[in-house]
file data.txt (compact mmCIF, C-alpha atoms and all ligand atoms)
# COMPACT_ATOMS: atom_id res chain seq x y z
CA MET A 1 -7.31 -8.09 6.72
CA LYS A 2 -5.67 -11.43 5.92
CA LYS A 3 -2.62 -11.08 3.68
CA ILE A 4 -2.62 -13.76 0.98
CA TYR A 5 0.26 -12.63 -1.22
CA GLU A 6 3.08 -10.12 -1.24
CA GLY A 7 4.81 -9.43 -4.52
CA LYS A 8 7.44 -6.95 -5.61
CA ALA A 9 5.06 -4.03 -6.13
CA LYS A 10 1.77 -5.07 -4.51
CA ILE A 11 0.24 -6.82 -1.50
CA LEU A 12 -3.05 -8.72 -1.73
CA TYR A 13 -5.44 -9.02 1.22
CA VAL A 14 -8.77 -10.83 1.55
CA TYR A 15 -11.45 -8.13 1.84
CA ASP A 16 -13.41 -8.15 5.09
CA ASN A 17 -13.54 -11.98 5.42
CA ASP A 18 -15.15 -12.12 1.97
CA GLU A 19 -12.98 -14.59 0.01
CA THR A 20 -14.58 -13.50 -3.28
CA LYS A 21 -12.94 -10.07 -3.09
CA LEU A 22 -9.38 -8.88 -2.59
CA VAL A 23 -7.78 -5.58 -1.71
CA THR A 24 -4.71 -4.74 -3.77
CA TYR A 25 -2.26 -2.46 -1.93
CA PHE A 26 0.22 -0.67 -4.22
CA LYS A 27 3.73 -0.21 -2.77
CA ASP A 28 6.46 2.31 -3.67
CA ASP A 29 8.98 -0.54 -3.98
CA ALA A 30 10.49 -1.06 -7.40
CA THR A 31 12.55 -3.97 -8.67
CA ALA A 32 14.08 -4.72 -12.04
CA PHE A 33 16.03 -7.50 -13.74
CA ASN A 34 14.17 -10.17 -11.80
CA GLY A 35 14.81 -8.58 -8.41
CA GLN A 36 18.54 -7.89 -8.89
CA LYS A 37 17.97 -4.11 -8.84
CA LYS A 38 15.90 -2.78 -5.95
CA GLY A 39 14.73 0.72 -5.10
CA THR A 40 11.86 2.97 -4.14
CA ILE A 41 9.94 5.31 -6.39
CA MET A 42 8.28 8.03 -4.32
CA GLN A 43 4.47 7.97 -4.57
CA LYS A 44 4.58 5.11 -7.11
CA GLY A 45 1.93 3.23 -5.12
CA GLU A 46 -0.48 6.17 -5.30
CA PHE A 47 0.22 6.85 -8.97
CA ASN A 48 -0.10 3.20 -10.01
CA ASN A 49 -3.31 2.64 -8.05
CA ALA A 50 -4.90 5.70 -9.68
CA ILE A 51 -3.53 4.94 -13.18
CA SER A 52 -4.76 1.32 -13.05
CA ALA A 53 -8.18 2.34 -11.76
CA SER A 54 -8.58 4.93 -14.54
CA LEU A 55 -7.45 2.55 -17.29
CA PHE A 56 -9.69 -0.28 -16.04
CA LYS A 57 -12.58 2.23 -16.10
CA LEU A 58 -11.69 3.34 -19.63
CA LEU A 59 -11.56 -0.30 -20.80
CA LYS A 60 -14.88 -1.08 -19.11
CA SER A 61 -16.50 1.84 -20.93
CA LYS A 62 -15.35 0.15 -24.19
CA GLY A 63 -16.73 -3.27 -23.20
CA ILE A 64 -13.64 -4.89 -21.65
CA GLU A 65 -14.28 -6.30 -18.19
CA SER A 66 -11.61 -6.66 -15.53
CA HIS A 67 -11.22 -7.63 -11.89
CA PHE A 68 -11.53 -3.95 -10.88
CA ILE A 69 -14.44 -3.05 -8.58
CA GLU A 70 -13.47 0.30 -7.05
CA LYS A 71 -10.64 2.43 -5.72
CA LEU A 72 -10.81 2.27 -1.92
CA SER A 73 -8.07 4.71 -0.95
CA GLU A 74 -4.92 6.36 -2.29
CA ARG A 75 -3.09 3.02 -2.41
CA GLU A 76 -5.86 0.43 -2.28
CA MET A 77 -8.13 -1.04 -4.92
CA LEU A 78 -10.99 -3.52 -4.43
CA VAL A 79 -10.99 -6.35 -7.00
CA HIS A 80 -12.73 -9.65 -7.68
CA HIS A 81 -10.78 -12.69 -6.46
CA LEU A 82 -9.97 -14.60 -9.66
CA LYS A 83 -8.28 -17.90 -10.38
CA MET A 84 -5.19 -16.47 -12.08
CA LEU A 85 -3.70 -17.96 -15.24
CA PRO A 86 0.05 -18.51 -14.61
CA VAL A 87 0.83 -16.75 -17.88
CA GLU A 88 1.92 -13.21 -18.76
CA PHE A 89 0.66 -11.82 -22.08
CA ILE A 90 2.93 -9.23 -23.67
CA VAL A 91 1.77 -7.11 -26.60
CA ARG A 92 4.24 -5.03 -28.60
CA ASN A 93 3.77 -2.29 -31.18
CA TYR A 94 7.44 -1.22 -31.48
CA THR A 95 10.72 -3.04 -30.84
CA ALA A 96 12.11 -2.48 -27.33
CA GLY A 97 13.60 -4.35 -24.41
CA SER A 98 13.90 -8.11 -24.77
CA LEU A 99 12.38 -8.17 -28.29
CA ALA A 100 15.01 -5.76 -29.64
CA LYS A 101 17.71 -7.89 -27.99
CA LYS A 102 16.27 -11.18 -29.20
CA MET A 103 15.90 -10.04 -32.81
CA GLY A 104 19.19 -8.11 -32.85
CA VAL A 105 17.58 -4.81 -33.85
CA GLU A 106 17.48 -1.30 -32.41
CA GLU A 107 14.62 -0.10 -30.22
CA GLY A 108 11.76 1.93 -31.67
CA ILE A 109 11.11 0.13 -34.96
CA LYS A 110 7.37 0.13 -35.68
CA LEU A 111 6.14 -3.45 -36.11
CA ILE A 112 4.03 -4.25 -39.17
CA SER A 113 1.50 -5.91 -36.87
CA PRO A 114 1.42 -6.31 -33.08
CA VAL A 115 3.52 -9.09 -31.56
CA VAL A 116 1.86 -11.16 -28.82
CA GLU A 117 4.12 -13.17 -26.50
CA MET A 118 3.36 -15.47 -23.60
CA CYS A 119 5.60 -16.13 -20.59
CA PHE A 120 5.27 -18.63 -17.76
CA LYS A 121 4.88 -16.63 -14.54
CA SER A 122 7.78 -17.76 -12.39
CA ASP A 123 10.25 -15.48 -10.60
CA GLU A 124 12.64 -18.40 -10.01
CA LEU A 125 12.78 -19.13 -13.74
CA GLY A 126 12.72 -15.48 -14.85
CA ASP A 127 9.31 -15.70 -16.61
CA PRO A 128 10.43 -17.91 -19.55
CA PHE A 129 8.90 -17.62 -23.00
CA ILE A 130 6.24 -20.28 -23.71
CA ASN A 131 3.69 -20.98 -26.46
CA ASP A 132 0.30 -22.64 -26.83
CA THR A 133 1.78 -26.14 -26.94
CA TYR A 134 3.54 -25.59 -23.58
CA ILE A 135 0.28 -24.36 -22.08
CA LYS A 136 -1.53 -27.46 -23.32
CA ALA A 137 1.27 -29.93 -22.46
CA PHE A 138 1.69 -28.61 -18.91
CA ASP A 139 -2.05 -27.92 -18.45
CA LEU A 140 -1.39 -24.29 -17.46
CA ALA A 141 -4.75 -23.08 -18.81
CA LYS A 142 -7.55 -24.22 -21.12
CA PRO A 143 -6.86 -23.52 -24.83
CA GLU A 144 -10.08 -21.50 -25.08
CA GLU A 145 -9.02 -19.36 -22.09
CA VAL A 146 -5.73 -18.59 -23.80
CA GLU A 147 -7.51 -17.68 -27.05
CA GLU A 148 -9.88 -15.39 -25.16
CA ALA A 149 -7.01 -13.74 -23.23
CA LYS A 150 -5.11 -13.07 -26.49
CA LYS A 151 -8.25 -11.61 -28.06
CA ILE A 152 -8.78 -9.30 -25.08
CA ALA A 153 -5.07 -8.35 -25.03
CA LEU A 154 -5.31 -7.17 -28.65
CA ALA A 155 -8.60 -5.34 -28.07
CA VAL A 156 -6.91 -3.55 -25.13
CA ASN A 157 -4.13 -2.54 -27.54
CA GLU A 158 -6.48 -0.65 -29.84
CA ILE A 159 -8.08 1.25 -26.95
CA LEU A 160 -4.88 2.12 -25.08
CA LYS A 161 -2.90 2.98 -28.25
CA ASP A 162 -5.61 5.45 -29.22
CA PHE A 163 -5.93 6.90 -25.71
CA PHE A 164 -2.19 7.46 -25.24
CA ASP A 165 -1.75 8.74 -28.79
CA LYS A 166 -4.36 11.45 -28.11
CA ASN A 167 -2.33 12.36 -25.02
CA GLY A 168 1.08 12.64 -26.67
CA LEU A 169 2.46 9.17 -25.90
CA MET A 170 3.30 6.06 -27.94
CA LEU A 171 2.27 2.72 -26.48
CA VAL A 172 5.42 0.70 -27.19
CA ASP A 173 4.55 -2.50 -25.32
CA TYR A 174 2.82 -3.81 -22.21
CA LYS A 175 2.25 -6.91 -20.10
CA LEU A 176 -1.19 -8.13 -19.02
CA GLU A 177 -2.35 -10.87 -16.70
CA PHE A 178 -5.71 -12.63 -16.71
CA GLY A 179 -7.83 -14.71 -14.36
CA VAL A 180 -11.05 -16.69 -14.53
CA LEU A 181 -14.26 -15.93 -12.61
CA ASN A 182 -17.33 -18.15 -13.09
CA GLY A 183 -15.87 -19.48 -16.34
CA LYS A 184 -15.20 -15.98 -17.74
CA VAL A 185 -11.71 -14.73 -18.60
CA LEU A 186 -11.15 -11.31 -17.03
CA LEU A 187 -8.28 -8.85 -17.23
CA ALA A 188 -6.48 -8.62 -13.86
CA ASP A 189 -3.32 -7.36 -12.14
CA GLU A 190 -2.40 -3.75 -13.04
CA ILE A 191 -1.86 -1.50 -16.05
CA THR A 192 0.79 1.03 -15.06
CA PRO A 193 4.18 2.45 -16.11
CA ASP A 194 5.62 -0.58 -14.26
CA THR A 195 4.03 -2.86 -16.86
CA MET A 196 3.90 -0.66 -20.00
CA ARG A 197 6.48 1.15 -22.10
CA LEU A 198 5.31 4.63 -23.07
CA TRP A 199 7.39 7.08 -25.10
CA ASP A 200 6.82 10.76 -25.80
CA LYS A 201 5.55 10.93 -29.41
CA VAL A 202 7.76 13.89 -30.27
CA THR A 203 10.96 13.50 -28.25
CA LEU A 204 10.79 9.66 -27.85
CA GLU A 205 11.64 10.24 -24.19
CA LYS A 206 10.77 7.24 -21.99
CA VAL A 207 7.83 7.83 -19.63
CA ASP A 208 7.84 4.50 -17.77
CA LYS A 209 9.81 2.16 -15.52
CA ASP A 210 12.71 2.01 -17.98
CA ARG A 211 13.77 5.34 -16.39
CA PHE A 212 14.35 3.34 -13.16
CA ARG A 213 15.69 0.20 -14.87
CA ARG A 214 18.23 2.20 -16.90
CA ASP A 215 19.06 4.93 -14.31
CA LEU A 216 17.78 7.71 -16.55
CA GLY A 217 16.56 10.00 -13.73
CA GLY A 218 13.19 11.76 -13.70
CA VAL A 219 11.46 8.56 -12.57
CA GLU A 220 8.78 10.13 -10.33
CA GLU A 221 8.08 12.81 -12.97
CA ALA A 222 7.39 10.09 -15.56
CA TYR A 223 4.85 8.31 -13.32
CA LYS A 224 3.29 11.71 -12.48
CA ARG A 225 2.90 12.50 -16.19
CA VAL A 226 1.00 9.25 -16.83
CA TYR A 227 -1.03 9.87 -13.66
CA ASP A 228 -1.97 13.38 -14.88
CA ILE A 229 -2.99 12.07 -18.30
CA THR A 230 -5.11 9.23 -16.92
CA SER A 231 -6.78 11.33 -14.23
CA SER A 232 -8.79 12.99 -17.02
CA ILE A 233 -10.61 9.66 -17.67
P1 LIG B 1 10.48 -6.97 -22.04
O1 LIG B 1 10.17 -8.40 -22.43
O2 LIG B 1 10.92 -6.16 -23.21
O3 LIG B 1 11.41 -6.89 -20.88
O4 LIG B 1 9.10 -6.34 -21.51
C1 LIG B 1 8.02 -6.09 -22.39
C2 LIG B 1 6.94 -5.30 -21.67
O5 LIG B 1 6.29 -6.10 -20.71
C3 LIG B 1 7.45 -4.07 -20.91
O6 LIG B 1 6.46 -3.05 -21.00
C4 LIG B 1 7.58 -4.55 -19.48
O7 LIG B 1 7.36 -3.49 -18.57
C5 LIG B 1 6.47 -5.60 -19.39
N1 LIG B 1 6.86 -6.76 -18.56
C6 LIG B 1 7.27 -7.97 -18.98
N2 LIG B 1 7.52 -8.80 -17.96
C7 LIG B 1 7.27 -8.10 -16.84
C8 LIG B 1 7.33 -8.41 -15.44
O8 LIG B 1 7.67 -9.52 -15.01
N3 LIG B 1 6.99 -7.40 -14.61
C9 LIG B 1 6.61 -6.16 -15.05
N4 LIG B 1 6.31 -5.21 -14.17
N5 LIG B 1 6.51 -5.86 -16.35
C10 LIG B 1 6.84 -6.80 -17.24
call {"tool": "encode", "arguments": {"input": "data.txt", "output": "structure tokens", "more": "lines below"}}
Ligand code: 5GP
result
Amino acid sequence: MKKIYEGKAKILYVYDNDETKLVTYFKDDATAFNGQKKGTIMQKGEFNNAISASLFKLLKSKGIESHFIEKLSEREMLVHHLKMLPVEFIVRNYTAGSLAKKMGVEEGIKLISPVVEMCFKSDELGDPFINDTYIKAFDLAKPEEVEEAKKIALAVNEILKDFFDKNGLMLVDYKLEFGVLNGKVLLADEITPDTMRLWDKVTLEKVDKDRFRRDLGGVEEAYKRVYDITSSI
């Protein structure tokens, strides 16, 4: 299969000479702080492929469409080939990470209402914060596509918050990416402990990539816990 992109955690191939579909291959490689910290998380590729597939299925059952078509193997997922928006959408329910730093507050404060942030997807620039006027001024996406993506991002929040809450975890924050297919905005990329912060509801223990970022140990166990929870979907 023709490789069209290799990122930090995934490789994208064109599926069987059919340019309308891609195969996403999930790697065990892990990076943090814009590539400054590098490592491997054993079985991460398998866990993240399965977790993403299950969560895309859960969202579909609640009316949210994504690029996901089917899981092909332990590490491979078949997806629709979208025209990606060069924007990351971050939704937050509690303070953590860069928001806690930016606002000068501790982590774990429950927000009165969810915060939605947008970042320009650029490794060289470190995914800088942008807003609707940047998107319009630099023609990064159509205003109506951005509105639709934000609406979907918040609908995803309700579904995932509820799902993880029922399974003993708090959905602290997450990053989503979107693409366009035949004029429709669809959820894309992945939804995994690489892209979400999940905390144990009782102990507040981190069950996500922050264990790798912050050298907390128990990294594989955290991914396995999310894998076990989502495999019931
Ligand atoms: P923060 O802005 O606090 O670093 O991240 C907020 C949330 O978005 C976290 O759940 C984090 O995992 C996710 N996130 C933000 N940017 C990226 C990114 O470039 N890559 C990945 N994997 N996750 C990101």
call {"tool": "residues_near_ligand", "arguments": {"input": "data.txt", "ligand": "ligand LIG 1 (chain B)", "cutoff": "6 Å", "atoms": "all atoms listed in the file", "output": "PyMOL selection string"}}
result
chain A and resi 90+96-99+173-175+194-197
call {"tool": "closest_residue", "arguments": {"input": "data.txt", "among": "A:Ser232, A:Gly218, A:Leu85, A:Lys38", "to": "Pro143 of chain A", "atoms": "only C-alpha atoms"}}
result
A:Leu85
call {"tool": "atom_distance", "arguments": {"input": "data.txt", "atom1": "atom CA of Leu58 of chain A", "atom2": "atom CA of Asp29 of chain A"}}
result
26.2 Å
call {"tool": "atom_distance", "arguments": {"input": "data.txt", "atom1": "atom CA of Ala222 of chain A", "atom2": "atom CA of Asp208 of chain A"}}
result
6.0 Å
call {"tool": "closest_residue", "arguments": {"input": "data.txt", "among": "A:Asp18, A:Gln36, A:Tyr25, A:Trp199", "to": "Asn167 of chain A", "atoms": "only C-alpha atoms"}}
result
A:Trp199
call {"tool": "axis_aligned_box", "arguments": {"input": "data.txt", "around": "segment 20-34 of chain A", "padding_each_side": "3 Å", "output": "lines of an AutoDock Vina configuration file"}}
result
center_x = 0.7
center_y = -5.6
center_z = -7.7
size_x = 36.6
size_y = 21.8
size_z = 18.0
call {"tool": "atom_distance", "arguments": {"input": "data.txt", "atom1": "atom CA of Asn157 of chain A", "atom2": "atom CA of Lys62 of chain A"}}
result
12.0 Å
call {"tool": "residues_near_point", "arguments": {"input": "data.txt", "point": "(-9.9, 1.5, -8.9)", "cutoff": "7 Å", "atoms": "all atoms listed in the file", "output": "PyMOL selection string"}}
result
chain A and resi 49-50+52-54+68-71+77-78
call {"tool": "closest_residue", "arguments": {"input": "data.txt", "among": "A:Ile233, A:Ile152, A:Ala100, A:Val116", "to": "Ile64 of chain A", "atoms": "all atoms listed in the file"}}
result
A:Ile152
call {"tool": "residues_around", "arguments": {"input": "data.txt", "residues": "segment 200-204 of chain A", "least_positions_apart": "2", "cutoff": "9 Å", "atoms": "all atoms listed in the file", "output": "count of residues only"}}
result
8
call {"tool": "closest_residue", "arguments": {"input": "data.txt", "among": "A:Asp16, A:Glu65, A:Asp28, A:Glu76", "to": "Glu220 of chain A", "atoms": "all atoms listed in the file"}}
result
A:Asp28
call {"tool": "closest_residue", "arguments": {"input": "data.txt", "among": "A:Arg211, A:Lys166, A:Lys151, A:Ile159", "to": "Lys57 of chain A", "atoms": "all atoms listed in the file"}}
result
A:Ile159
call {"tool": "closest_residue", "arguments": {"input": "data.txt", "among": "A:Ile109, A:Val91, A:Val23, A:Leu55", "to": "Ser73 of chain A", "atoms": "only C-alpha atoms"}}
result
A:Val23
call {"tool": "residues_around", "arguments": {"input": "data.txt", "residues": "segment 118-121 of chain A", "least_positions_apart": "2", "cutoff": "8 Å", "atoms": "only C-alpha atoms", "output": "PyMOL selection string"}}
result
chain A and resi 86-90+116+123+126-131
call {"tool": "residues_around", "arguments": {"input": "data.txt", "residues": "Glu19 of chain A", "least_positions_apart": "3", "cutoff": "12 Å", "atoms": "only C-alpha atoms", "output": "list in words"}}
result
Met1, Lys2, Lys3, Ile4, Leu12, Tyr13, Val14, Tyr15, Asp16, Leu22, Val23, Val79, His80, His81, Leu82 and Lys83 of chain A
call {"tool": "residues_around", "arguments": {"input": "data.txt", "residues": "segment 185-190 of chain A", "least_positions_apart": "5", "cutoff": "7 Å", "atoms": "all atoms listed in the file", "output": "JSON, numbers by chain"}}
result
{"A": [52, 65, 66, 67, 145, 148, 149, 177, 178, 179, 180]}
call {"tool": "residues_around", "arguments": {"input": "data.txt", "residues": "Lys8 of chain A", "least_positions_apart": "5", "cutoff": "9 Å", "atoms": "all atoms listed in the file", "output": "list in words"}}
result
Lys27, Asp29, Ala30, Thr31 and Gly35 of chain A
call {"tool": "decode", "arguments": {"input": "data.txt", "residues": "segment 163-190 of chain A", "atoms": "N, CA, C and O atoms", "output": "PDB file, in the first residue's frame"}}
result
ATOM      1  N   PHE A 163     -20.196   8.178  29.208  1.00  0.00           N
ATOM      2  CA  PHE A 163     -19.643   6.826  29.082  1.00  0.00           C
ATOM      3  C   PHE A 163     -18.520   6.594  30.094  1.00  0.00           C
ATOM      4  O   PHE A 163     -18.512   5.599  30.816  1.00  0.00           O
ATOM      5  N   PHE A 164     -17.573   7.525  30.167  1.00  0.00           N
ATOM      6  CA  PHE A 164     -16.435   7.316  31.077  1.00  0.00           C
ATOM      7  C   PHE A 164     -16.869   7.422  32.542  1.00  0.00           C
ATOM      8  O   PHE A 164     -16.380   6.678  33.391  1.00  0.00           O
ATOM      9  N   ASP A 165     -17.814   8.306  32.820  1.00  0.00           N
ATOM     10  CA  ASP A 165     -18.323   8.430  34.189  1.00  0.00           C
ATOM     11  C   ASP A 165     -18.910   7.095  34.659  1.00  0.00           C
ATOM     12  O   ASP A 165     -18.643   6.652  35.785  1.00  0.00           O
ATOM     13  N   LYS A 166     -19.676   6.436  33.791  1.00  0.00           N
ATOM     14  CA  LYS A 166     -20.269   5.142  34.152  1.00  0.00           C
ATOM     15  C   LYS A 166     -19.206   4.076  34.357  1.00  0.00           C
ATOM     16  O   LYS A 166     -19.465   3.024  34.917  1.00  0.00           O
ATOM     17  N   ASN A 167     -18.001   4.343  33.849  1.00  0.00           N
ATOM     18  CA  ASN A 167     -16.905   3.371  33.956  1.00  0.00           C
ATOM     19  C   ASN A 167     -15.783   3.852  34.883  1.00  0.00           C
ATOM     20  O   ASN A 167     -14.637   3.424  34.754  1.00  0.00           O
ATOM     21  N   GLY A 168     -16.127   4.762  35.774  1.00  0.00           N
ATOM     22  CA  GLY A 168     -15.196   5.140  36.846  1.00  0.00           C
ATOM     23  C   GLY A 168     -14.158   6.190  36.497  1.00  0.00           C
ATOM     24  O   GLY A 168     -13.228   6.410  37.274  1.00  0.00           O
ATOM     25  N   LEU A 169     -14.299   6.842  35.325  1.00  0.00           N
ATOM     26  CA  LEU A 169     -13.284   7.828  34.923  1.00  0.00           C
ATOM     27  C   LEU A 169     -13.898   9.195  34.647  1.00  0.00           C
ATOM     28  O   LEU A 169     -15.037   9.303  34.189  1.00  0.00           O
ATOM     29  N   MET A 170     -13.116  10.236  34.924  1.00  0.00           N
ATOM     30  CA  MET A 170     -13.518  11.610  34.588  1.00  0.00           C
ATOM     31  C   MET A 170     -12.879  11.997  33.261  1.00  0.00           C
ATOM     32  O   MET A 170     -11.674  11.813  33.097  1.00  0.00           O
ATOM     33  N   LEU A 171     -13.689  12.553  32.368  1.00  0.00           N
ATOM     34  CA  LEU A 171     -13.140  13.057  31.104  1.00  0.00           C
ATOM     35  C   LEU A 171     -12.699  14.500  31.358  1.00  0.00           C
ATOM     36  O   LEU A 171     -13.525  15.411  31.417  1.00  0.00           O
ATOM     37  N   VAL A 172     -11.401  14.683  31.519  1.00  0.00           N
ATOM     38  CA  VAL A 172     -10.845  16.000  31.874  1.00  0.00           C
ATOM     39  C   VAL A 172     -10.792  16.902  30.644  1.00  0.00           C
ATOM     40  O   VAL A 172     -11.292  18.018  30.648  1.00  0.00           O
ATOM     41  N   ASP A 173     -10.179  16.395  29.570  1.00  0.00           N
ATOM     42  CA  ASP A 173     -10.105  17.159  28.316  1.00  0.00           C
ATOM     43  C   ASP A 173      -9.742  16.223  27.173  1.00  0.00           C
ATOM     44  O   ASP A 173      -9.387  15.065  27.395  1.00  0.00           O
ATOM     45  N   TYR A 174      -9.870  16.719  25.953  1.00  0.00           N
ATOM     46  CA  TYR A 174      -9.511  15.903  24.787  1.00  0.00           C
ATOM     47  C   TYR A 174      -9.344  16.795  23.569  1.00  0.00           C
ATOM     48  O   TYR A 174      -9.823  17.925  23.546  1.00  0.00           O
ATOM     49  N   LYS A 175      -8.651  16.232  22.571  1.00  0.00           N
ATOM     50  CA  LYS A 175      -8.404  16.942  21.318  1.00  0.00           C
ATOM     51  C   LYS A 175      -9.050  16.160  20.182  1.00  0.00           C
ATOM     52  O   LYS A 175      -8.897  14.935  20.112  1.00  0.00           O
ATOM     53  N   LEU A 176      -9.777  16.856  19.323  1.00  0.00           N
ATOM     54  CA  LEU A 176     -10.389  16.204  18.156  1.00  0.00           C
ATOM     55  C   LEU A 176      -9.907  16.864  16.873  1.00  0.00           C
ATOM     56  O   LEU A 176      -9.539  18.040  16.881  1.00  0.00           O
ATOM     57  N   GLU A 177      -9.939  16.100  15.798  1.00  0.00           N
ATOM     58  CA  GLU A 177      -9.666  16.668  14.477  1.00  0.00           C
ATOM     59  C   GLU A 177     -10.822  16.295  13.553  1.00  0.00           C
ATOM     60  O   GLU A 177     -11.454  15.250  13.730  1.00  0.00           O
ATOM     61  N   PHE A 178     -11.055  17.163  12.574  1.00  0.00           N
ATOM     62  CA  PHE A 178     -12.175  16.971  11.654  1.00  0.00           C
ATOM     63  C   PHE A 178     -11.722  17.086  10.210  1.00  0.00           C
ATOM     64  O   PHE A 178     -10.713  17.734   9.917  1.00  0.00           O
ATOM     65  N   GLY A 179     -12.513  16.479   9.318  1.00  0.00           N
ATOM     66  CA  GLY A 179     -12.267  16.607   7.889  1.00  0.00           C
ATOM     67  C   GLY A 179     -13.599  16.746   7.177  1.00  0.00           C
ATOM     68  O   GLY A 179     -14.659  16.620   7.796  1.00  0.00           O
ATOM     69  N   VAL A 180     -13.517  17.010   5.872  1.00  0.00           N
ATOM     70  CA  VAL A 180     -14.739  17.209   5.086  1.00  0.00           C
ATOM     71  C   VAL A 180     -14.805  16.143   3.991  1.00  0.00           C
ATOM     72  O   VAL A 180     -13.804  15.868   3.325  1.00  0.00           O
ATOM     73  N   LEU A 181     -15.990  15.541   3.864  1.00  0.00           N
ATOM     74  CA  LEU A 181     -16.238  14.560   2.802  1.00  0.00           C
ATOM     75  C   LEU A 181     -17.564  14.912   2.142  1.00  0.00           C
ATOM     76  O   LEU A 181     -18.597  14.952   2.825  1.00  0.00           O
ATOM     77  N   ASN A 182     -17.542  15.168   0.845  1.00  0.00           N
ATOM     78  CA  ASN A 182     -18.748  15.565   0.109  1.00  0.00           C
ATOM     79  C   ASN A 182     -19.503  16.695   0.816  1.00  0.00           C
ATOM     80  O   ASN A 182     -20.724  16.640   0.980  1.00  0.00           O
ATOM     81  N   GLY A 183     -18.765  17.682   1.296  1.00  0.00           N
ATOM     82  CA  GLY A 183     -19.380  18.849   1.922  1.00  0.00           C
ATOM     83  C   GLY A 183     -19.790  18.644   3.377  1.00  0.00           C
ATOM     84  O   GLY A 183     -20.260  19.574   4.028  1.00  0.00           O
ATOM     85  N   LYS A 184     -19.613  17.422   3.898  1.00  0.00           N
ATOM     86  CA  LYS A 184     -20.030  17.137   5.284  1.00  0.00           C
ATOM     87  C   LYS A 184     -18.817  17.108   6.213  1.00  0.00           C
ATOM     88  O   LYS A 184     -17.796  16.490   5.875  1.00  0.00           O
ATOM     89  N   VAL A 185     -18.966  17.761   7.368  1.00  0.00           N
ATOM     90  CA  VAL A 185     -17.878  17.749   8.360  1.00  0.00           C
ATOM     91  C   VAL A 185     -17.958  16.456   9.169  1.00  0.00           C
ATOM     92  O   VAL A 185     -18.999  16.144   9.762  1.00  0.00           O
ATOM     93  N   LEU A 186     -16.870  15.691   9.153  1.00  0.00           N
ATOM     94  CA  LEU A 186     -16.840  14.413   9.879  1.00  0.00           C
ATOM     95  C   LEU A 186     -15.696  14.406  10.889  1.00  0.00           C
ATOM     96  O   LEU A 186     -14.606  14.926  10.623  1.00  0.00           O
ATOM     97  N   LEU A 187     -15.941  13.752  12.010  1.00  0.00           N
ATOM     98  CA  LEU A 187     -14.911  13.536  13.018  1.00  0.00           C
ATOM     99  C   LEU A 187     -13.849  12.607  12.430  1.00  0.00           C
ATOM    100  O   LEU A 187     -14.198  11.641  11.733  1.00  0.00           O
ATOM    101  N   ALA A 188     -12.567  12.878  12.712  1.00  0.00           N
ATOM    102  CA  ALA A 188     -11.500  12.054  12.117  1.00  0.00           C
ATOM    103  C   ALA A 188     -10.423  11.747  13.154  1.00  0.00           C
ATOM    104  O   ALA A 188     -10.684  11.802  14.357  1.00  0.00           O
ATOM    105  N   ASP A 189      -9.240  11.401  12.678  1.00  0.00           N
ATOM    106  CA  ASP A 189      -8.084  11.135  13.527  1.00  0.00           C
ATOM    107  C   ASP A 189      -8.364   9.987  14.500  1.00  0.00           C
ATOM    108  O   ASP A 189      -8.778   8.923  14.077  1.00  0.00           O
ATOM    109  N   GLU A 190      -8.120  10.193  15.788  1.00  0.00           N
ATOM    110  CA  GLU A 190      -8.240   9.135  16.792  1.00  0.00           C
ATOM    111  C   GLU A 190      -8.839   9.706  18.066  1.00  0.00           C
ATOM    112  O   GLU A 190      -8.795  10.917  18.288  1.00  0.00           O
TER     113      GLU A 190
END
